[in-house]
>>> print(open('upload-v3.tsv').read())   # TSV, C-alpha atoms
chain	number	residue	atom	x	y	z
A	202	MET	CA	48.44	12.92	49.93
A	203	PRO	CA	45.83	10.82	48.12
A	204	THR	CA	46.92	7.64	46.38
A	205	PRO	CA	47.98	7.85	42.74
A	206	ASP	CA	45.19	5.40	41.94
A	207	LEU	CA	42.55	7.75	43.28
A	208	LEU	CA	44.07	10.74	41.47
A	209	LEU	CA	44.13	8.81	38.22
A	210	GLU	CA	40.51	7.82	38.70
A	211	ILE	CA	39.55	11.43	39.40
A	212	PHE	CA	41.46	12.56	36.33
A	213	LEU	CA	39.82	9.96	34.08
A	214	THR	CA	36.34	10.60	35.46
A	215	PHE	CA	36.56	14.34	34.90
A	216	MET	CA	38.14	13.83	31.50
A	217	ARG	CA	35.14	11.73	30.55
A	218	LEU	CA	32.80	14.41	31.89
A	219	GLY	CA	34.57	17.12	29.93
A	220	LEU	CA	34.50	15.17	26.72
A	221	THR	CA	30.83	14.22	27.04
A	222	GLY	CA	29.41	17.67	27.71
A	223	PHE	CA	27.95	19.13	24.56
A	224	GLY	CA	26.90	22.72	24.21
A	225	GLY	CA	27.67	23.33	27.82
A	226	THR	CA	27.86	20.84	30.58
A	227	ASN	CA	26.52	17.43	31.10
A	228	LEU	CA	25.24	17.96	34.63
A	229	ALA	CA	23.12	14.83	34.58
A	230	GLU	CA	26.10	12.63	33.85
A	231	MET	CA	28.23	14.55	36.34
A	232	GLU	CA	25.74	13.96	39.14
A	233	ARG	CA	25.33	10.31	38.16
A	234	LEU	CA	29.08	9.65	38.29
A	235	LEU	CA	30.20	11.81	41.21
A	236	VAL	CA	27.25	11.41	43.56
A	237	GLY	CA	25.77	8.12	42.43
A	238	GLN	CA	28.40	5.81	41.05
A	239	HIS	CA	31.53	6.89	42.95
A	240	GLY	CA	29.82	8.40	45.98
A	241	TRP	CA	32.63	10.98	46.12
A	242	ILE	CA	30.41	13.92	47.03
A	243	ASP	CA	26.83	14.28	48.28
A	244	ALA	CA	23.97	15.98	46.47
A	245	ARG	CA	24.29	19.06	48.68
A	246	THR	CA	27.98	19.53	47.80
A	247	PHE	CA	27.06	19.04	44.15
A	248	ALA	CA	24.50	21.86	44.20
A	249	ASN	CA	26.70	24.13	46.35
A	250	GLY	CA	29.68	23.69	44.05
A	251	PHE	CA	27.62	24.50	41.00
A	252	ALA	CA	26.30	27.67	42.63
A	253	LEU	CA	29.83	28.72	43.65
A	254	GLY	CA	30.98	28.14	40.10
A	255	GLN	CA	28.44	30.68	38.87
A	256	LEU	CA	30.03	33.31	41.08
A	257	MET	CA	33.58	32.81	39.87
A	258	PRO	CA	35.23	34.82	37.13
A	259	GLY	CA	35.57	32.86	33.92
A	260	PRO	CA	33.80	29.72	32.80
A	261	ASN	CA	30.82	28.62	34.89
A	262	LEU	CA	32.09	25.16	35.44
A	263	LEU	CA	34.88	25.83	37.90
A	264	ALA	CA	32.71	23.70	40.16
A	265	VAL	CA	34.91	20.82	38.98
A	266	THR	CA	37.83	22.35	40.88
A	267	HIS	CA	35.66	22.52	43.99
A	268	TYR	CA	34.54	18.91	43.59
A	269	GLY	CA	38.12	17.74	43.05
A	270	PHE	CA	39.19	19.55	46.19
A	271	VAL	CA	36.39	18.04	48.28
A	272	ILE	CA	37.26	14.56	47.00
A	273	ALA	CA	41.03	14.63	47.46
A	274	GLY	CA	42.40	18.04	48.45
A	275	GLY	CA	44.68	20.16	46.30
A	276	TRP	CA	45.91	17.26	44.21
A	277	GLY	CA	42.35	16.17	43.60
A	278	ALA	CA	41.45	19.70	42.50
A	279	ALA	CA	44.38	19.71	40.08
A	280	ALA	CA	43.50	16.26	38.70
A	281	ALA	CA	39.85	17.21	38.22
A	282	THR	CA	40.61	20.58	36.62
A	283	VAL	CA	43.27	19.33	34.22
A	284	GLY	CA	41.19	16.28	33.35
A	285	PHE	CA	38.07	18.34	32.71
A	286	TYR	CA	39.54	21.24	30.73
A	287	GLY	CA	42.73	19.85	29.23
A	288	PRO	CA	41.55	17.28	26.68
A	289	THR	CA	38.57	19.34	25.48
A	290	SER	CA	40.79	22.37	24.94
A	291	VAL	CA	43.25	20.33	22.91
A	292	LEU	CA	40.36	18.90	20.93
A	293	SER	CA	38.89	22.35	20.30
A	294	ALA	CA	42.18	23.74	19.12
A	295	ALA	CA	42.60	20.76	16.80
A	296	ALA	CA	39.03	21.16	15.53
A	297	ALA	CA	39.60	24.84	14.81
A	298	LEU	CA	42.55	23.98	12.61
A	299	LEU	CA	40.72	21.04	10.96
A	300	TRP	CA	37.56	23.03	10.30
A	301	LYS	CA	39.55	25.65	8.46
A	302	ARG	CA	40.43	22.91	6.00
A	303	HIS	CA	37.29	20.74	5.85
A	304	GLY	CA	34.39	22.98	6.93
A	305	ALA	CA	32.75	22.87	3.52
A	306	HIS	CA	32.67	19.07	3.32
A	307	PRO	CA	29.07	17.66	3.25
A	308	TRP	CA	29.78	15.31	6.15
A	309	SER	CA	30.77	18.29	8.31
A	310	LEU	CA	27.21	19.54	8.04
A	311	THR	CA	25.81	16.06	8.68
A	312	PHE	CA	27.89	15.75	11.80
A	313	ARG	CA	26.78	19.15	13.04
A	314	ASN	CA	23.10	18.36	12.40
A	315	ALA	CA	23.39	15.05	14.22
A	316	LEU	CA	25.12	16.58	17.21
A	317	LEU	CA	23.00	19.69	17.86
A	318	PRO	CA	19.73	17.95	18.93
A	319	PHE	CA	21.71	15.58	21.12
A	320	GLY	CA	23.37	18.59	22.76
A	321	GLY	CA	19.95	20.11	23.40
A	322	GLY	CA	18.71	16.96	25.10
A	323	VAL	CA	21.85	16.82	27.25
A	324	LEU	CA	21.24	20.39	28.41
A	325	LEU	CA	17.59	19.69	29.27
A	326	ALA	CA	18.57	16.62	31.26
A	327	GLY	CA	21.05	18.81	33.15
A	328	VAL	CA	18.31	21.27	34.04
A	329	LEU	CA	16.15	18.45	35.39
A	330	VAL	CA	18.94	17.09	37.56
A	331	LEU	CA	19.97	20.49	38.84
A	332	GLY	CA	16.34	21.28	39.63
A	333	GLN	CA	16.01	18.07	41.60
A	334	THR	CA	19.13	18.81	43.64
A	335	SER	CA	18.46	22.47	44.37
A	336	ILE	CA	14.68	22.91	44.56
A	337	HIS	CA	13.34	21.40	47.79
A	338	SER	CA	10.66	23.89	48.78
A	339	TRP	CA	8.07	26.26	47.33
A	340	ALA	CA	10.23	29.18	48.46
A	341	ALA	CA	13.18	27.81	46.50
A	342	ALA	CA	11.00	27.29	43.42
A	343	ALA	CA	9.68	30.85	43.71
A	344	LEU	CA	13.21	32.22	44.07
A	345	ALA	CA	14.37	30.32	40.99
A	346	LEU	CA	11.37	31.59	39.03
A	347	LEU	CA	12.03	35.16	40.15
A	348	ALA	CA	15.68	34.90	39.10
A	349	PHE	CA	14.64	33.44	35.75
A	350	VAL	CA	12.21	36.29	35.06
A	351	ILE	CA	14.83	38.89	36.00
A	352	LEU	CA	17.38	37.24	33.74
A	353	ARG	CA	14.96	37.15	30.83
A	354	ARG	CA	13.60	40.65	31.26
A	355	THR	CA	16.71	42.62	32.11
A	356	ARG	CA	20.30	42.64	31.02
A	357	LEU	CA	21.55	42.39	34.57
A	358	ASN	CA	24.80	40.48	34.97
A	359	SER	CA	23.92	36.97	36.04
A	360	ALA	CA	26.53	37.01	38.82
A	361	LEU	CA	24.58	39.87	40.41
A	362	VAL	CA	21.39	37.82	40.21
A	363	VAL	CA	23.14	34.87	41.85
A	364	VAL	CA	24.53	37.08	44.63
A	365	GLY	CA	21.10	38.63	45.11
A	366	ALA	CA	19.52	35.20	45.40
A	367	ALA	CA	22.18	34.21	47.94
A	368	VAL	CA	21.31	37.25	50.05
A	369	ILE	CA	17.59	36.46	49.85
A	370	GLY	CA	18.32	32.83	50.69
A	371	ALA	CA	20.27	33.87	53.79
A	372	LEU	CA	17.58	36.36	54.85
A	373	ILE	CA	14.66	33.95	54.61
A	374	GLY	CA	16.68	31.02	55.95
A	375	LEU	CA	16.10	28.88	52.86
B	62	MET	CA	22.69	33.09	23.49
B	63	THR	CA	22.24	32.56	19.79
B	64	ILE	CA	23.96	30.11	17.56
B	65	THR	CA	25.16	31.21	14.22
B	66	LEU	CA	25.06	28.54	11.58
B	67	PRO	CA	28.42	27.83	10.07
B	68	THR	CA	28.78	29.29	6.65
B	69	PRO	CA	31.11	27.18	4.58
B	70	PRO	CA	34.17	29.27	3.92
B	71	GLN	CA	33.65	29.99	0.25
B	72	ARG	CA	35.82	33.04	0.28
B	73	GLU	CA	39.26	32.27	-1.00
B	74	GLU	CA	42.13	32.03	1.42
B	75	ALA	CA	43.16	35.62	1.72
B	76	PRO	CA	46.04	36.33	4.01
B	77	PRO	CA	44.73	37.41	7.42
B	78	SER	CA	43.88	41.08	7.35
B	79	GLY	CA	45.55	41.87	10.66
B	80	PRO	CA	49.14	40.86	9.87
B	81	VAL	CA	50.24	41.35	13.49
B	82	SER	CA	49.43	38.13	15.29
B	83	PRO	CA	49.30	38.51	19.07
B	84	THR	CA	52.05	37.15	21.26
B	85	PHE	CA	51.63	34.53	23.98
B	86	THR	CA	51.51	37.19	26.68
B	87	GLN	CA	49.09	39.41	24.78
B	88	LEU	CA	46.70	36.51	24.21
B	89	ALA	CA	46.93	35.32	27.81
B	90	ARG	CA	46.34	38.81	29.13
B	91	ALA	CA	43.37	39.37	26.81
B	92	PHE	CA	41.72	36.19	28.07
B	93	VAL	CA	42.39	36.98	31.72
B	94	GLY	CA	40.41	40.12	30.99
B	95	VAL	CA	37.65	38.08	29.36
B	96	ALA	CA	37.44	35.85	32.43
B	97	LEU	CA	37.30	38.78	34.85
B	98	ALA	CA	34.55	40.46	32.84
B	99	GLY	CA	32.66	37.20	32.58
B	100	ILE	CA	31.73	36.65	36.20
B	101	GLY	CA	28.46	34.75	36.03
B	102	GLY	CA	28.89	33.73	32.43
B	103	GLY	CA	28.75	35.44	29.09
B	104	ILE	CA	32.27	34.40	28.13
B	105	PRO	CA	31.44	34.30	24.40
B	106	ALA	CA	30.14	37.87	24.40
B	107	HIS	CA	33.20	39.13	26.23
B	108	THR	CA	35.51	37.15	23.96
B	109	ARG	CA	33.92	38.73	20.93
B	110	ARG	CA	34.36	42.21	22.31
B	111	ALA	CA	37.96	41.57	23.29
B	112	MET	CA	38.88	40.17	19.88
B	113	LEU	CA	37.10	42.81	17.81
B	114	SER	CA	38.41	45.73	19.81
B	115	ARG	CA	41.98	44.51	19.33
B	116	GLY	CA	41.41	43.87	15.63
B	117	TRP	CA	42.46	40.22	16.00
B	118	LEU	CA	39.23	38.79	14.53
B	119	ASP	CA	36.29	40.15	12.59
B	120	ASP	CA	32.66	39.21	13.19
B	121	ALA	CA	32.54	36.45	10.58
B	122	GLU	CA	35.66	34.80	11.95
B	123	PHE	CA	34.30	35.02	15.46
B	124	ALA	CA	30.95	33.49	14.44
B	125	GLU	CA	32.72	30.53	12.88
B	126	ALA	CA	34.84	29.94	15.96
B	127	PHE	CA	31.79	30.26	18.18
B	128	THR	CA	29.80	27.67	16.23
B	129	LEU	CA	32.70	25.26	16.31
B	130	ALA	CA	33.01	25.75	20.06
B	131	GLN	CA	29.34	24.76	20.37
B	132	LEU	CA	29.95	21.60	18.43
B	133	THR	CA	33.04	20.32	20.18
B	134	PRO	CA	32.34	18.56	23.43
B	135	GLY	CA	33.21	20.32	26.61
B	136	PRO	CA	32.74	23.66	28.32
B	137	ASN	CA	31.90	26.29	25.71
B	138	GLY	CA	33.75	29.29	27.05
B	139	VAL	CA	37.02	27.43	27.41
B	140	ASN	CA	36.61	25.70	24.04
B	141	LEU	CA	36.04	29.06	22.44
B	142	ALA	CA	39.20	30.44	24.04
B	143	ALA	CA	41.20	27.44	22.83
B	144	MET	CA	39.81	27.82	19.31
B	145	VAL	CA	40.41	31.51	19.03
B	146	GLY	CA	43.89	31.02	20.46
B	147	ALA	CA	44.64	28.24	17.98
B	148	ARG	CA	43.46	30.37	15.14
B	149	LEU	CA	45.54	33.36	16.16
B	150	GLY	CA	48.64	31.67	17.44
B	151	GLY	CA	48.62	27.93	16.74
B	152	LYS	CA	49.31	25.54	19.60
B	153	ARG	CA	51.03	28.10	21.76
B	154	GLY	CA	48.18	30.50	21.19
B	155	ALA	CA	45.65	27.89	22.28
B	156	LEU	CA	47.65	27.26	25.45
B	157	ALA	CA	47.93	30.98	26.21
B	158	SER	CA	44.23	31.71	25.82
B	159	THR	CA	43.12	28.59	27.72
B	160	LEU	CA	45.39	29.37	30.65
B	161	GLY	CA	44.30	32.99	30.54
B	162	VAL	CA	40.59	32.25	30.69
B	163	LEU	CA	40.98	29.67	33.48
B	164	THR	CA	43.49	31.26	35.83
B	165	PRO	CA	41.41	33.95	37.59
B	166	GLY	CA	38.60	31.53	38.34
B	167	LEU	CA	40.95	28.79	39.51
B	168	ILE	CA	42.57	31.13	42.02
B	169	ALA	CA	39.22	32.40	43.25
B	170	MET	CA	37.63	28.98	43.44
B	171	THR	CA	40.58	27.47	45.31
B	172	ALA	CA	40.56	30.32	47.81
B	173	VAL	CA	36.82	30.06	48.43
B	174	THR	CA	36.97	26.28	48.71
B	175	LEU	CA	39.83	26.43	51.24
B	176	LEU	CA	37.90	29.00	53.21
B	177	LEU	CA	34.65	27.03	53.21
B	178	LEU	CA	36.18	23.65	53.97
B	179	GLY	CA	38.41	25.16	56.66
B	180	LEU	CA	35.46	26.44	58.67
B	181	PRO	CA	35.24	24.57	61.98
B	182	GLY	CA	32.04	22.58	62.34
B	183	GLY	CA	31.18	22.82	58.68
B	184	LEU	CA	29.22	25.59	57.03
B	185	PRO	CA	27.24	27.92	59.32
B	186	PRO	CA	23.47	27.72	58.69
B	187	THR	CA	23.25	31.23	57.23
B	188	LEU	CA	25.87	30.38	54.64
B	189	GLN	CA	24.07	27.14	53.86
B	190	SER	CA	20.90	29.14	53.23
B	191	ALA	CA	22.77	31.64	51.09
B	192	LEU	CA	24.22	28.85	48.97
B	193	ARG	CA	20.76	27.29	48.59
B	194	GLY	CA	19.51	30.65	47.34
B	195	ALA	CA	22.46	30.95	44.98
B	196	ALA	CA	21.76	27.45	43.68
B	197	CYS	CA	18.19	28.49	42.77
B	198	ALA	CA	19.55	31.41	40.77
B	199	ALA	CA	22.18	29.18	39.18
B	200	LEU	CA	19.35	26.96	37.96
B	201	ALA	CA	17.66	30.02	36.51
B	202	VAL	CA	20.87	31.07	34.72
B	203	MET	CA	21.01	27.64	33.18
B	204	LEU	CA	17.32	27.74	32.20
B	205	ALA	CA	17.71	31.12	30.53
B	206	MET	CA	20.54	29.76	28.40
B	207	VAL	CA	18.90	26.46	27.49
B	208	GLY	CA	16.01	27.80	25.41
B	209	PRO	CA	17.84	29.22	22.39
B	210	ILE	CA	20.31	26.33	22.23
B	211	VAL	CA	17.62	23.64	22.40
B	212	ARG	CA	15.59	25.42	19.72
B	213	VAL	CA	18.42	25.17	17.17
B	214	GLY	CA	18.71	21.39	17.47
B	215	TRP	CA	14.95	20.95	17.83
B	216	SER	CA	14.17	22.42	14.43
B	217	LEU	CA	16.64	20.32	12.46
B	218	ASN	CA	14.39	18.11	10.35
B	219	ALA	CA	15.58	15.52	7.92
B	220	GLY	CA	13.18	15.94	5.03
B	221	LYS	CA	9.77	15.75	6.72
B	222	LEU	CA	10.99	13.73	9.70
B	223	PRO	CA	11.19	15.80	12.90
B	224	ILE	CA	14.39	14.03	13.78
B	225	GLY	CA	15.79	16.97	15.72
B	226	ALA	CA	12.84	17.13	18.10
B	227	ALA	CA	12.80	13.35	18.47
B	228	VAL	CA	16.48	13.12	19.31
B	229	THR	CA	16.20	16.03	21.77
B	230	VAL	CA	13.32	14.36	23.63
B	231	LEU	CA	14.88	10.89	23.56
B	232	THR	CA	18.18	12.24	24.84
B	233	PHE	CA	16.41	14.10	27.64
B	234	VAL	CA	14.41	11.04	28.70
B	235	ALA	CA	17.38	8.66	28.47
B	236	LEU	CA	19.79	10.86	30.41
B	237	GLY	CA	17.57	12.96	32.67
B	238	VAL	CA	14.68	10.64	33.53
B	239	LEU	CA	16.10	7.14	33.07
B	240	ARG	CA	19.64	8.24	34.04
B	241	LEU	CA	21.21	5.92	31.49
B	242	ASP	CA	24.92	5.84	30.81
B	243	LEU	CA	25.81	8.60	28.35
B	244	LEU	CA	28.10	6.80	25.92
B	245	PRO	CA	25.65	4.18	24.59
B	246	VAL	CA	22.93	6.84	24.35
B	247	LEU	CA	25.32	9.04	22.39
B	248	VAL	CA	26.25	6.25	20.00
B	249	VAL	CA	22.62	5.34	19.27
B	250	LEU	CA	21.12	8.82	19.00
B	251	VAL	CA	23.97	10.58	17.24
B	252	GLY	CA	24.19	7.55	14.96
B	253	LEU	CA	20.50	8.04	14.20
B	254	GLY	CA	21.14	11.68	13.38
B	255	LEU	CA	24.09	10.86	11.14
B	256	MET	CA	21.95	8.40	9.22
B	257	ALA	CA	19.05	10.82	8.86
B	258	HIS	CA	21.26	13.69	7.75
B	259	ARG	CA	23.71	11.74	5.59
B	260	PRO	CA	24.69	13.70	2.51
B	261	ARG	CA	22.51	12.82	-0.44
B	262	ARG	CA	22.25	15.16	-3.33
B	263	PRO	CA	24.15	18.43	-3.28
B	264	GLN	CA	20.99	20.31	-2.39
B	265	GLU	CA	19.75	22.17	0.67
B	266	LYS	CA	17.70	19.97	3.07
>>> encode(input="upload-v3.tsv", output="structure tokens")
Amino acid sequence: MPTPDLLLEIFLTFMRLGLTGFGGTNLAEMERLLVGQHGWIDARTFANGFALGQLMPGPNLLAVTHYGFVIAGGWGAAAATVGFYGPTSVLSAAAALLWKRHGAHPWSLTFRNALLPFGGGVLLAGVLVLGQTSIHSWAAAALALLAFVILRRTRLNSALVVVGAAVIGALIGL
Amino acid sequence: MTITLPTPPQREEAPPSGPVSPTFTQLARAFVGVALAGIGGGIPAHTRRAMLSRGWLDDAEFAEAFTLAQLTPGPNGVNLAAMVGARLGGKRGALASTLGVLTPGLIAMTAVTLLLLGLPGGLPPTLQSALRGAACAALAVMLAMVGPIVRVGWSLNAGKLPIGAAVTVLTFVALGVLRLDLLPVLVVLVGLGLMAHRPRRPQEK
């Protein structure tokens, strides 16, 4: 069993990641902390976990459970998952109740307007980081482009597209 | 994915139209269903369908919850579940819907992780290739989602100042290119936005 210190650090790190992802996930910060600063996982595990997360039922970010498991087994997975989802869920529930009361206040709108562009920038940074970790060849770039076009043009379930890309990847030995 | 702007609730507090509020089990079960339908994403769309079909929320109520879920930090789908749960059943409701939306994926992810890590000699090359392919598609999924969300923040001007576009670009450069620590960047750039958008006269933009 991993030391309580490590579990606490995992919990706090993932809590921070959960609370600093706006409009989705802060992949850039996640990679910086997990791969760079702590050195808990390598870039390959990071990209693999993210891809696996896309295949799972439910929210796309179950990669955190995978990362937690790789870092410190079952306890690590629990610490990462609870840390990542717990505080933000509590916050959301609280916000839902607060907004019912104060949604019309002028500062509510100000806050929203200040946060939305920041959230956009966070998402774009995540795309850059994910691109750097998963695109290492022209074939990979072409596959990503193909998947993007299919997703934009059709209403195909994205899990199917991900599975399809996995099959192609295996066939061409990406 | 589109973002609906929050409409300030001007309508007076009418008692909720559906007087039957769902129980813990009903909420949890509904969100397990949402999670199972939402393989590969699309949780908000599935949540909407699940809530409307049961008569627990109407479209306006859903839009408000969805916008709030975009604004609170953290994973959207789970935030949305927590918000809808809180709205329908208070704290217990939030717990039920959050657990419901997470459980199927947690079981699946744990199983797959155990399987992958338990393979002797690490991942076989074919599986490595398959995961690389999946990662390319995962990037595409992310790209397809980013456009509409970025556009909303991008077009938020303060008067004539294109503050939304500026903050979007600065955030991208600071976090993606320079890989700066998030918290100071957040304080500076969100602070900038708060200043630019501070309430002045009671007048639109």
>>> atom_distance(input="upload-v3.tsv", atom1="atom CA of B:Gly154", atom2="atom CA of A:Gly222")
23.7 Å
>>> residues_near_point(input="upload-v3.tsv", point="(38.3, 31.0, 45.2)", cutoff="12 Å", atoms="all atoms listed in the file", output="ChimeraX atom specification")
/A:250,253-259,263-264,266-267,270 /B:164-178
>>> closest_atom_pairs(input="upload-v3.tsv", of="stretch 87-184 of chain B", to="stretch 227-232 of chain A", cutoff="10 Å", atoms="all atoms listed in the file", output="tab-separated table")
residue	atom	partner	partner_atom	distance
B:Pro134	CA	A:Asn227	CA	9.7
B:Gly135	CA	A:Asn227	CA	8.6
B:Pro136	CA	A:Asn227	CA	9.2
>>> write_last_selection(input="upload-v3.tsv", atoms="C-alpha atoms", output="tab-separated table (two decimals), keeping the file's coordinate frame")
chain	number	residue	atom	x	y	z
B	134	PRO	CA	32.34	18.56	23.43
B	135	GLY	CA	33.21	20.32	26.61
B	136	PRO	CA	32.74	23.66	28.32
>>> atom_distance(input="upload-v3.tsv", atom1="atom CA of A:Val236", atom2="atom CA of A:Gly322")
21.1 Å
>>> closest_residue(input="upload-v3.tsv", among="B:Leu129, B:Met112, B:Val249, B:Ala121", to="chain A", atoms="only C-alpha atoms")
B:Leu129
>>> closest_residue(input="upload-v3.tsv", among="A:Leu347, A:Ala315, A:Val323, A:Met216", to="A:Ala280", atoms="all atoms listed in the file")
A:Met216
>>> decode(input="upload-v3.tsv", residues="stretch 228-295 of chain A", atoms="C-alpha atoms", output="tab-separated table (two decimals), in the first residue's frame")
chain	number	residue	atom	x	y	z
A	228	LEU	CA	-5.08	19.18	-20.11
A	229	ALA	CA	-2.12	21.54	-20.31
A	230	GLU	CA	-1.96	21.91	-16.55
A	231	MET	CA	-2.57	18.19	-16.08
A	232	GLU	CA	0.37	17.27	-18.29
A	233	ARG	CA	2.57	19.89	-16.64
A	234	LEU	CA	1.87	18.58	-13.15
A	235	LEU	CA	1.68	14.81	-13.70
A	236	VAL	CA	4.37	14.35	-16.34
A	237	GLY	CA	6.58	17.37	-15.77
A	238	GLN	CA	6.55	18.44	-12.16
A	239	HIS	CA	5.86	15.18	-10.32
A	240	GLY	CA	7.15	12.79	-12.97
A	241	TRP	CA	4.41	10.34	-11.91
A	242	ILE	CA	3.56	9.17	-15.42
A	243	ASP	CA	5.25	9.48	-18.82
A	244	ALA	CA	3.88	11.29	-21.86
A	245	ARG	CA	2.85	7.99	-23.46
A	246	THR	CA	0.75	6.97	-20.45
A	247	PHE	CA	-0.77	10.44	-20.46
A	248	ALA	CA	-1.94	10.15	-24.07
A	249	ASN	CA	-3.03	6.51	-23.66
A	250	GLY	CA	-5.08	7.30	-20.58
A	251	PHE	CA	-6.82	10.18	-22.30
A	252	ALA	CA	-7.71	7.96	-25.27
A	253	LEU	CA	-9.03	5.24	-22.95
A	254	GLY	CA	-11.13	7.83	-21.17
A	255	GLN	CA	-12.86	8.66	-24.44
A	256	LEU	CA	-13.98	5.06	-24.75
A	257	MET	CA	-15.53	4.79	-21.30
A	258	PRO	CA	-19.18	5.36	-20.53
A	259	GLY	CA	-19.80	8.65	-18.79
A	260	PRO	CA	-17.59	11.70	-18.55
A	261	ASN	CA	-14.54	11.78	-20.81
A	262	LEU	CA	-12.12	12.43	-18.06
A	263	LEU	CA	-12.07	9.05	-16.38
A	264	ALA	CA	-8.43	9.13	-17.46
A	265	VAL	CA	-7.79	10.49	-13.96
A	266	THR	CA	-8.74	7.10	-12.53
A	267	HIS	CA	-6.27	5.46	-14.90
A	268	TYR	CA	-3.51	7.90	-13.96
A	269	GLY	CA	-4.18	7.40	-10.25
A	270	PHE	CA	-3.97	3.65	-10.70
A	271	VAL	CA	-0.69	3.85	-12.61
A	272	ILE	CA	0.79	6.11	-9.92
A	273	ALA	CA	-0.25	4.18	-6.82
A	274	GLY	CA	-2.59	1.27	-7.53
A	275	GLY	CA	-6.19	1.06	-6.36
A	276	TRP	CA	-5.75	3.54	-3.54
A	277	GLY	CA	-4.13	5.97	-5.93
A	278	ALA	CA	-7.05	5.57	-8.33
A	279	ALA	CA	-9.48	6.28	-5.50
A	280	ALA	CA	-7.51	9.32	-4.31
A	281	ALA	CA	-7.27	10.75	-7.82
A	282	THR	CA	-10.93	10.14	-8.66
A	283	VAL	CA	-12.35	11.52	-5.42
A	284	GLY	CA	-9.96	14.46	-5.52
A	285	PHE	CA	-10.80	15.29	-9.12
A	286	TYR	CA	-14.58	14.91	-9.06
A	287	GLY	CA	-15.54	15.43	-5.44
A	288	PRO	CA	-14.80	19.11	-4.77
A	289	THR	CA	-16.02	20.32	-8.18
A	290	SER	CA	-19.29	18.44	-7.76
A	291	VAL	CA	-19.85	19.98	-4.34
A	292	LEU	CA	-19.02	23.38	-5.79
A	293	SER	CA	-21.42	22.88	-8.70
A	294	ALA	CA	-24.25	21.83	-6.44
A	295	ALA	CA	-23.60	24.86	-4.24
